[in-house]
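This is upload-v2.txt. It holds compact mmCIF, C-alpha atoms (C1' of nucleotides).
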```
# COMPACT_ATOMS: atom_id res chain seq x y z
CA MET A 1 -15.22 -129.98 154.47
CA SER A 2 -13.45 -131.76 151.62
CA ASN A 3 -11.75 -135.00 152.43
CA PHE A 4 -8.59 -135.16 154.43
CA ARG A 5 -8.45 -138.49 156.16
CA GLY A 6 -12.18 -138.56 156.57
CA VAL A 7 -13.61 -139.42 153.16
CA ARG A 8 -16.75 -137.72 152.03
CA ARG A 9 -19.13 -140.49 151.12
CA GLN A 10 -22.23 -138.38 150.84
CA PRO A 11 -22.84 -135.27 148.79
CA ALA A 12 -22.28 -132.90 151.69
CA LEU A 13 -25.30 -133.82 153.70
CA ASP A 14 -23.87 -132.31 156.83
CA ASP A 15 -23.54 -128.97 155.12
CA VAL A 16 -27.07 -129.01 153.86
CA LEU A 17 -28.32 -129.58 157.37
CA ALA A 18 -25.88 -127.39 159.23
CA CYS A 19 -26.40 -124.33 157.08
CA CYS A 20 -30.04 -123.71 157.84
CA THR A 21 -32.82 -124.96 159.99
CA PRO A 22 -35.71 -125.92 157.81
CA LEU A 23 -38.68 -127.97 158.91
CA THR A 24 -40.05 -125.07 160.93
CA HIS A 25 -39.17 -121.80 159.24
CA GLU A 26 -40.29 -122.62 155.75
CA PRO A 27 -41.33 -125.66 153.74
CA MET A 28 -38.35 -127.85 152.93
CA SER A 29 -37.35 -128.08 149.33
CA PRO A 30 -37.87 -131.46 147.68
CA ASP A 31 -34.09 -131.80 147.34
CA GLN A 32 -33.46 -131.12 150.99
CA ALA A 33 -36.23 -133.48 151.96
CA ALA A 34 -34.74 -136.23 149.83
CA GLN A 35 -31.31 -135.88 151.40
CA VAL A 36 -32.59 -135.74 154.94
CA ALA A 37 -34.88 -138.66 154.28
CA SER A 38 -32.01 -140.78 153.06
CA LEU A 39 -30.10 -140.15 156.27
CA LEU A 40 -33.18 -140.89 158.34
CA LYS A 41 -33.81 -144.08 156.43
CA ALA A 42 -30.36 -145.21 157.46
CA ILE A 43 -31.26 -145.12 161.14
CA ALA A 44 -34.91 -146.06 160.71
CA ASP A 45 -34.24 -149.74 161.15
CA PRO A 46 -34.18 -151.72 164.40
CA VAL A 47 -31.01 -153.60 163.57
CA ARG A 48 -29.14 -150.50 162.52
CA LEU A 49 -30.30 -148.61 165.59
CA ARG A 50 -28.99 -151.37 167.77
CA LEU A 51 -25.73 -151.51 165.86
CA LEU A 52 -25.33 -147.78 166.38
CA SER A 53 -26.10 -148.01 170.07
CA ILE A 54 -23.66 -150.87 170.55
CA VAL A 55 -20.90 -148.96 168.82
CA LEU A 56 -21.72 -145.80 170.76
CA SER A 57 -21.70 -147.51 174.12
CA HIS A 58 -18.36 -149.14 173.39
CA GLU A 59 -15.02 -147.71 174.43
CA GLY A 60 -13.90 -145.05 172.01
CA GLU A 61 -17.29 -145.27 170.34
CA GLU A 62 -15.98 -148.03 168.12
CA ALA A 63 -16.26 -151.77 167.75
CA CYS A 64 -15.14 -154.42 165.35
CA VAL A 65 -17.60 -156.51 163.37
CA CYS A 66 -16.71 -159.58 165.38
CA GLU A 67 -18.02 -157.84 168.49
CA LEU A 68 -21.23 -156.73 166.84
CA THR A 69 -22.41 -159.88 165.11
CA PRO A 70 -22.95 -161.98 168.27
CA HIS A 71 -25.60 -159.53 169.48
CA PHE A 72 -27.95 -160.62 166.71
CA ASP A 73 -29.71 -163.67 165.42
CA LEU A 74 -28.82 -162.63 161.92
CA SER A 75 -26.35 -163.95 159.41
CA GLN A 76 -22.95 -162.31 159.06
CA PRO A 77 -23.73 -161.00 155.55
CA THR A 78 -26.85 -159.32 156.87
CA ILE A 79 -24.92 -157.51 159.58
CA SER A 80 -22.31 -156.58 157.01
CA HIS A 81 -25.06 -155.15 154.85
CA HIS A 82 -26.46 -152.98 157.63
CA LEU A 83 -22.99 -151.74 158.54
CA LYS A 84 -22.48 -150.78 154.94
CA VAL A 85 -25.67 -148.73 154.97
CA LEU A 86 -24.59 -146.94 158.13
CA HIS A 87 -21.16 -146.30 156.70
CA GLU A 88 -22.36 -145.03 153.35
CA SER A 89 -24.77 -142.65 155.03
CA GLY A 90 -21.90 -141.16 156.99
CA LEU A 91 -22.92 -142.44 160.41
CA LEU A 92 -20.04 -144.84 160.90
CA ASP A 93 -16.40 -144.64 159.98
CA ARG A 94 -14.62 -147.76 158.86
CA ASP A 95 -11.12 -148.75 159.85
CA LYS A 96 -9.45 -151.97 158.85
CA ARG A 97 -6.78 -153.21 161.22
CA GLY A 98 -5.23 -156.45 160.22
CA THR A 99 -7.95 -158.96 159.71
CA TRP A 100 -10.53 -156.99 161.62
CA VAL A 101 -12.69 -154.09 160.58
CA PHE A 102 -13.63 -151.49 163.17
CA TYR A 103 -16.61 -149.22 162.85
CA LYS A 104 -16.53 -145.94 164.70
CA ALA A 105 -19.33 -143.49 165.39
CA ARG A 106 -19.25 -140.24 163.47
CA PRO A 107 -21.35 -137.90 165.60
CA GLN A 108 -21.42 -135.14 162.99
CA ALA A 109 -24.17 -136.79 161.01
CA MET A 110 -26.22 -137.36 164.14
CA ALA A 111 -25.64 -133.78 165.18
CA ALA A 112 -26.93 -132.61 161.84
CA LEU A 113 -30.14 -134.52 162.41
CA VAL A 114 -30.57 -133.10 165.89
CA THR A 115 -30.03 -129.61 164.50
CA LEU A 116 -32.78 -130.31 162.04
CA LEU A 117 -35.28 -131.82 164.43
CA SER A 118 -34.74 -129.66 167.50
CA PRO A 119 -36.73 -126.64 166.32
CA ALA A 120 -39.58 -128.94 165.46
CA ALA A 121 -39.45 -130.44 168.91
CA ALA A 122 -39.57 -127.00 170.48
CA ALA A 123 -42.48 -125.83 168.36
CA GLY A 124 -45.73 -124.73 169.88
CA ARG A 125 -44.28 -123.75 173.24
CA GLY A 126 -46.86 -121.76 175.13
CA ALA A 127 -49.35 -122.16 172.39
CA ASP A 128 -51.38 -124.48 174.55
CA LEU A 129 -54.12 -121.94 174.79
CA ALA A 130 -55.23 -122.71 171.26
CA GLU A 131 -57.83 -125.19 172.41
CA ALA A 132 -61.27 -123.57 172.52
CA PRO A 133 -61.37 -120.97 169.76
CA ALA A 134 -64.99 -119.79 170.11
CA MET B 22 -59.08 -148.17 171.55
CA SER B 23 -59.45 -146.17 174.69
CA ASN B 24 -59.90 -142.81 173.13
CA PHE B 25 -61.08 -139.94 175.26
CA ARG B 26 -60.59 -137.07 172.89
CA GLY B 27 -56.86 -137.47 172.91
CA VAL B 28 -56.42 -140.88 171.37
CA ARG B 29 -53.27 -142.79 172.09
CA ARG B 30 -52.43 -144.10 168.68
CA GLN B 31 -49.12 -145.62 169.63
CA PRO B 32 -48.21 -147.84 172.55
CA ALA B 33 -46.73 -145.03 174.62
CA LEU B 34 -43.74 -144.35 172.44
CA ASP B 35 -43.15 -141.00 174.08
CA ASP B 36 -42.78 -142.66 177.43
CA VAL B 37 -40.32 -145.21 176.21
CA LEU B 38 -38.12 -142.47 174.82
CA ALA B 39 -38.57 -139.92 177.56
CA CYS B 40 -37.72 -142.26 180.40
CA CYS B 41 -34.15 -143.05 179.48
CA THR B 42 -31.46 -142.12 177.03
CA PRO B 43 -30.31 -145.22 175.27
CA LEU B 44 -28.20 -145.26 172.14
CA THR B 45 -25.11 -144.15 174.05
CA HIS B 46 -25.19 -145.54 177.55
CA GLU B 47 -25.93 -149.12 176.77
CA PRO B 48 -27.06 -151.18 173.81
CA MET B 49 -30.72 -150.61 173.03
CA SER B 50 -33.05 -153.47 173.60
CA PRO B 51 -34.62 -155.01 170.51
CA ASP B 52 -38.02 -153.78 171.70
CA GLN B 53 -36.86 -150.23 172.16
CA ALA B 54 -35.12 -150.31 168.82
CA ALA B 55 -38.28 -151.51 167.12
CA GLN B 56 -40.37 -148.72 168.59
CA VAL B 57 -37.88 -146.00 167.83
CA ALA B 58 -37.40 -147.35 164.34
CA SER B 59 -41.10 -147.20 163.64
CA LEU B 60 -41.18 -143.54 164.60
CA LEU B 61 -38.12 -142.83 162.50
CA LYS B 62 -39.64 -144.65 159.55
CA ALA B 63 -42.55 -142.26 159.75
CA ILE B 64 -40.35 -139.26 159.06
CA ALA B 65 -37.83 -141.05 156.84
CA ASP B 66 -39.70 -140.16 153.68
CA PRO B 67 -39.28 -137.06 151.53
CA VAL B 68 -42.99 -136.44 151.14
CA ARG B 69 -43.71 -136.84 154.83
CA LEU B 70 -40.78 -134.61 155.76
CA ARG B 71 -42.13 -131.93 153.50
CA LEU B 72 -45.64 -132.37 154.86
CA LEU B 73 -44.27 -131.95 158.36
CA SER B 74 -42.29 -128.87 157.43
CA ILE B 75 -45.26 -127.28 155.73
CA VAL B 76 -47.46 -127.88 158.74
CA LEU B 77 -44.76 -126.62 161.09
CA SER B 78 -44.16 -123.44 159.17
CA HIS B 79 -47.87 -122.68 159.05
CA GLU B 80 -49.66 -120.47 161.53
CA GLY B 81 -50.45 -122.36 164.69
CA GLU B 82 -48.39 -125.28 163.36
CA GLU B 83 -51.45 -126.59 161.60
CA ALA B 84 -52.84 -126.83 158.10
CA CYS B 85 -55.80 -128.42 156.37
CA VAL B 86 -55.35 -131.08 153.73
CA CYS B 87 -56.54 -128.71 151.06
CA GLU B 88 -53.56 -126.49 151.77
CA LEU B 89 -51.09 -129.35 151.71
CA THR B 90 -52.04 -131.22 148.58
CA PRO B 91 -51.22 -128.44 146.10
CA HIS B 92 -47.58 -128.52 147.16
CA PHE B 93 -47.13 -131.92 145.57
CA ASP B 94 -47.39 -133.63 142.22
CA LEU B 95 -49.08 -136.54 143.92
CA SER B 96 -52.63 -137.76 143.97
CA GLN B 97 -54.92 -136.81 146.82
CA PRO B 98 -55.12 -140.41 148.11
CA THR B 99 -51.35 -140.56 148.29
CA ILE B 100 -51.15 -137.42 150.40
CA SER B 101 -53.94 -138.77 152.54
CA HIS B 102 -51.93 -141.95 153.01
CA HIS B 103 -48.82 -140.08 154.15
CA LEU B 104 -50.84 -137.95 156.53
CA LYS B 105 -52.28 -141.09 158.00
CA VAL B 106 -48.80 -142.46 158.63
CA LEU B 107 -47.74 -139.24 160.35
CA HIS B 108 -50.90 -139.23 162.41
CA GLU B 109 -50.68 -142.83 163.47
CA SER B 110 -47.09 -142.40 164.53
CA GLY B 111 -48.10 -139.54 166.80
CA LEU B 112 -46.45 -136.77 164.85
CA LEU B 113 -49.61 -135.01 163.72
CA ASP B 114 -52.91 -134.42 165.42
CA ARG B 115 -56.07 -134.53 163.40
CA ASP B 116 -58.98 -132.17 163.75
CA LYS B 117 -62.06 -132.20 161.57
CA ARG B 118 -63.82 -128.86 161.25
CA GLY B 119 -66.79 -128.92 158.98
CA THR B 120 -65.74 -130.29 155.64
CA TRP B 121 -62.05 -129.73 156.26
CA VAL B 122 -59.54 -131.77 158.17
CA PHE B 123 -56.70 -129.96 159.89
CA TYR B 124 -53.44 -131.60 160.84
CA LYS B 125 -51.49 -130.07 163.67
CA ALA B 126 -47.92 -130.70 164.73
CA ARG B 127 -47.43 -132.62 167.95
CA PRO B 128 -43.93 -131.65 169.05
CA GLN B 129 -43.77 -134.21 171.83
CA ALA B 130 -42.91 -137.04 169.47
CA MET B 131 -40.24 -134.96 167.80
CA ALA B 132 -38.88 -133.99 171.20
CA ALA B 133 -38.63 -137.63 172.12
CA LEU B 134 -36.51 -138.28 169.08
CA VAL B 135 -34.23 -135.36 169.83
CA THR B 136 -33.82 -136.62 173.38
CA LEU B 137 -32.78 -139.93 171.96
CA LEU B 138 -30.37 -138.65 169.33
CA SER B 139 -28.78 -135.76 171.19
CA PRO B 140 -26.37 -137.82 173.30
CA ALA B 141 -25.27 -139.62 170.17
CA ALA B 142 -24.63 -136.32 168.48
CA ALA B 143 -22.54 -135.14 171.41
CA ALA B 144 -20.49 -138.33 171.58
CA GLY B 145 -16.77 -138.34 171.17
CA ARG B 146 -16.23 -134.78 172.39
CA GLY B 147 -12.57 -134.35 173.20
CA ALA B 148 -11.94 -138.01 172.66
CA ASP B 149 -9.88 -137.27 169.61
CA LEU B 150 -6.80 -138.60 171.35
CA ALA B 151 -8.00 -142.16 170.94
CA GLU B 152 -6.05 -142.69 167.77
CA ALA B 153 -3.00 -144.89 168.41
CA PRO B 154 -3.85 -147.50 171.03
CA ALA B 155 -0.76 -149.74 170.66
C1' DG C 13 -84.41 -134.35 148.75
C1' DC C 14 -80.08 -134.06 145.46
C1' DA C 15 -75.57 -132.52 143.91
C1' DT C 16 -71.05 -130.99 145.26
C1' DT C 17 -66.91 -130.70 147.75
C1' DG C 18 -63.14 -132.51 150.90
C1' DC C 19 -61.05 -136.30 152.48
C1' DA C 20 -60.51 -141.44 153.46
C1' DT C 21 -60.45 -146.27 152.03
C1' DT C 22 -59.78 -150.07 148.88
C1' DG C 23 -57.36 -152.85 145.68
C1' DA C 24 -53.79 -153.37 142.38
C1' DC C 25 -49.27 -152.70 140.98
C1' DA C 26 -44.15 -151.86 140.70
C1' DT C 27 -40.31 -150.90 143.34
C1' DC C 28 -37.56 -151.00 147.45
C1' DT C 29 -35.68 -153.48 151.46
C1' DG C 30 -34.14 -157.09 154.66
C1' DT C 31 -32.66 -161.59 154.72
C1' DC C 32 -30.11 -165.78 153.57
C1' DA C 33 -26.86 -169.27 151.23
C1' DA C 34 -23.11 -169.35 148.41
C1' DT C 35 -19.03 -167.34 147.09
C1' DA C 36 -15.16 -164.04 146.96
C1' DT C 37 -11.35 -161.54 149.03
C1' DA C 38 -7.76 -160.21 152.04
C1' DG C 39 -4.71 -160.71 155.92
C1' DA C 40 -2.25 -163.90 159.35
C1' DG C 41 0.14 -167.79 160.38
C1' DA C 42 1.94 -172.54 159.39
C1' DT D 25 2.94 -172.02 149.57
C1' DC D 26 -1.38 -173.38 151.63
C1' DT D 27 -4.85 -172.89 155.18
C1' DC D 28 -7.65 -170.49 158.31
C1' DT D 29 -10.15 -166.58 159.89
C1' DA D 30 -12.70 -162.17 159.36
C1' DT D 31 -15.34 -159.60 156.45
C1' DA D 32 -17.52 -158.27 151.94
C1' DT D 33 -20.12 -159.27 147.70
C1' DT D 34 -23.49 -161.62 144.82
C1' DG D 35 -27.89 -163.44 143.63
C1' DA D 36 -32.34 -164.83 144.90
C1' DC D 37 -36.44 -164.34 147.40
C1' DA D 38 -40.41 -162.71 150.38
C1' DG D 39 -42.43 -159.01 152.42
C1' DA D 40 -42.84 -153.99 153.04
C1' DT D 41 -43.73 -149.50 150.89
C1' DG D 42 -45.21 -145.68 147.67
C1' DT D 43 -48.29 -144.75 144.15
C1' DC D 44 -52.58 -144.49 141.51
C1' DA D 45 -57.59 -145.11 139.85
C1' DA D 46 -61.83 -146.16 141.58
C1' DT D 47 -64.89 -145.82 145.14
C1' DG D 48 -66.95 -144.55 149.69
C1' DC D 49 -68.50 -141.27 153.05
C1' DA D 50 -69.65 -137.15 155.54
C1' DA D 51 -70.64 -132.27 155.62
C1' DT D 52 -72.31 -128.35 152.92
C1' DG D 53 -75.41 -125.86 149.99
C1' DC D 54 -79.06 -125.78 146.68
```

As structure tokens:
Amino acid sequence: MSNFRGVRRQPALDDVLACCTPLTHEPMSPDQAAQVASLLKAIADPVRLRLLSIVLSHEGEEACVCELTPHFDLSQPTISHHLKVLHESGLLDRDKRGTWVFYKARPQAMAALVTLLSPAAAAGRGADLAEAPA
Amino acid sequence: MSNFRGVRRQPALDDVLACCTPLTHEPMSPDQAAQVASLLKAIADPVRLRLLSIVLSHEGEEACVCELTPHFDLSQPTISHHLKVLHESGLLDRDKRGTWVFYKARPQAMAALVTLLSPAAAAGRGADLAEAPA
DNA sequence: GCATTGCATTGACATCTGTCAATATAGAGA
DNA sequence: TCTCTATATTGACAGATGTCAATGCAATGC
């Protein structure tokens, strides 16, 4: 955990998610819910989703801002803003090389989300008989 | 609204997600991104996450509003509002029985999200050598 | 019928969020 | 140095979102 060449921008969100699998076993705590929600908010935007997908489908799962901006009809500051959100939520790493800034996918955060949502997606398997109770 | 006891509240979001696995293979289309984002927005809220988790951890993955409200320090209309959002996004089914209204988890939508995010979570495996390109 | 209970809808409000133009900053090259 | 290029920051604004009090409505029980 700690930060060795990876910077911890968020208060250990990964840990919170990785440790247990809420959402199905027991009601989430308000704290947990708040943390998860903040990560979800980061990807719950069309522009940021597209930014993520562009970065992910690039070589090395990284791309510089100059490659991202042309995909959108948005101003450069707006793109910069969205990248900042993704970075601060731990979804993208940032790497400045010369004049350019490269953003690189950080799959851990995404994996944490999948870990969280998977049990919910698998819920109710075989419980299809609960249709006509009497 | 063509509703034959199953109601399609959303324009076939499940289908959009189930058919392909964007986010890693190629840049998402703006349309896809918008649809996915709207589903993500539905769960990107602490109250709604907790509502979901309470429903999911209940017997039969369902609960009536009267069981949900007491978990929160929020007004009844506010809870009703959040339930509506979850229902309209396809995450919860609604079932009125007498005076009570039961909300039941609909794992398909969640599964669609997991299908979408999983490849992103698995990205970069063993690609740790991409560090010094030259 | 009438009153009660459970939930939804409405309307108002404050806050949050996405966007832009303008500006700042930092590195590269002359 | 001075200029140019790539990106970030600031400040302002409109629209979206979460919340509540008040009200509506449907099912139950008297």

Inset, instruction - Output the contact residues of chain D with respect to chain A at a cut-off of 12 Å, based on all atoms listed in the file, as number ranges by chain. - result: D: 28-34

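Take C1' of DA51 in chain D and CA of Ala84 in chain B: the distance between them is 18.8 Å.
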
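Our summary of the geometry notes that C1' of DC26 in chain D is positioned 8.5 Å from C1' of DA42 in chain C.
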
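The two atoms in question, CA of Ala126 in chain B and CA of Leu49 in chain A, are spaced 25.1 Å apart.
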
Could I get the residues of chain C with an atom no further than 10 Å from an atom of chain A, each paired with its nearest atom pair and that distance in Å to one decimal, using all atoms listed in the file, sorted by chain and residue number, as a Markdown table?
```
| residue | atom | partner | partner_atom | distance |
| --- | --- | --- | --- | --- |
| C:DG30 | C1' | A:Thr78 | CA | 7.9 |
| C:DT31 | C1' | A:Thr78 | CA | 6.6 |
| C:DC32 | C1' | A:Ser75 | CA | 7.2 |
| C:DA33 | C1' | A:Ser75 | CA | 9.8 |
| C:DA38 | C1' | A:Thr99 | CA | 7.8 |
| C:DG39 | C1' | A:Thr99 | CA | 5.3 |
| C:DA40 | C1' | A:Thr99 | CA | 7.6 |
```

Inset, instruction - Kindly provide, as number ranges by chain, the residues of chain B having any atom no farther than 6 Å from an atom of chain A, counting only C-alpha atoms. - result: B: 44-49, 54-55, 58, 61-62, 65-67, 71, 74-75, 77-78, 128, 131-132, 135, 142

Counting all atoms listed in the file, what are the residues of chain D within 8 Å of range 22-29 of chain C, and for each of them which pair of atoms is the nearest and at what distance in Å, to one decimal? Sort the table by chain and rising number, as a tab-separated table.
```
residue	atom	partner	partner_atom	distance
D:DA40	C1'	C:DT29	C1'	7.3
D:DT41	C1'	C:DC28	C1'	7.2
D:DT47	C1'	C:DT22	C1'	7.6
```

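Residues in contact with DA15 in chain C at 12 Å, where all atoms listed in the file are counted and same-chain residues fewer than 3 positions away are skipped, are listed as DT52, DG53 and DC54 of chain D.
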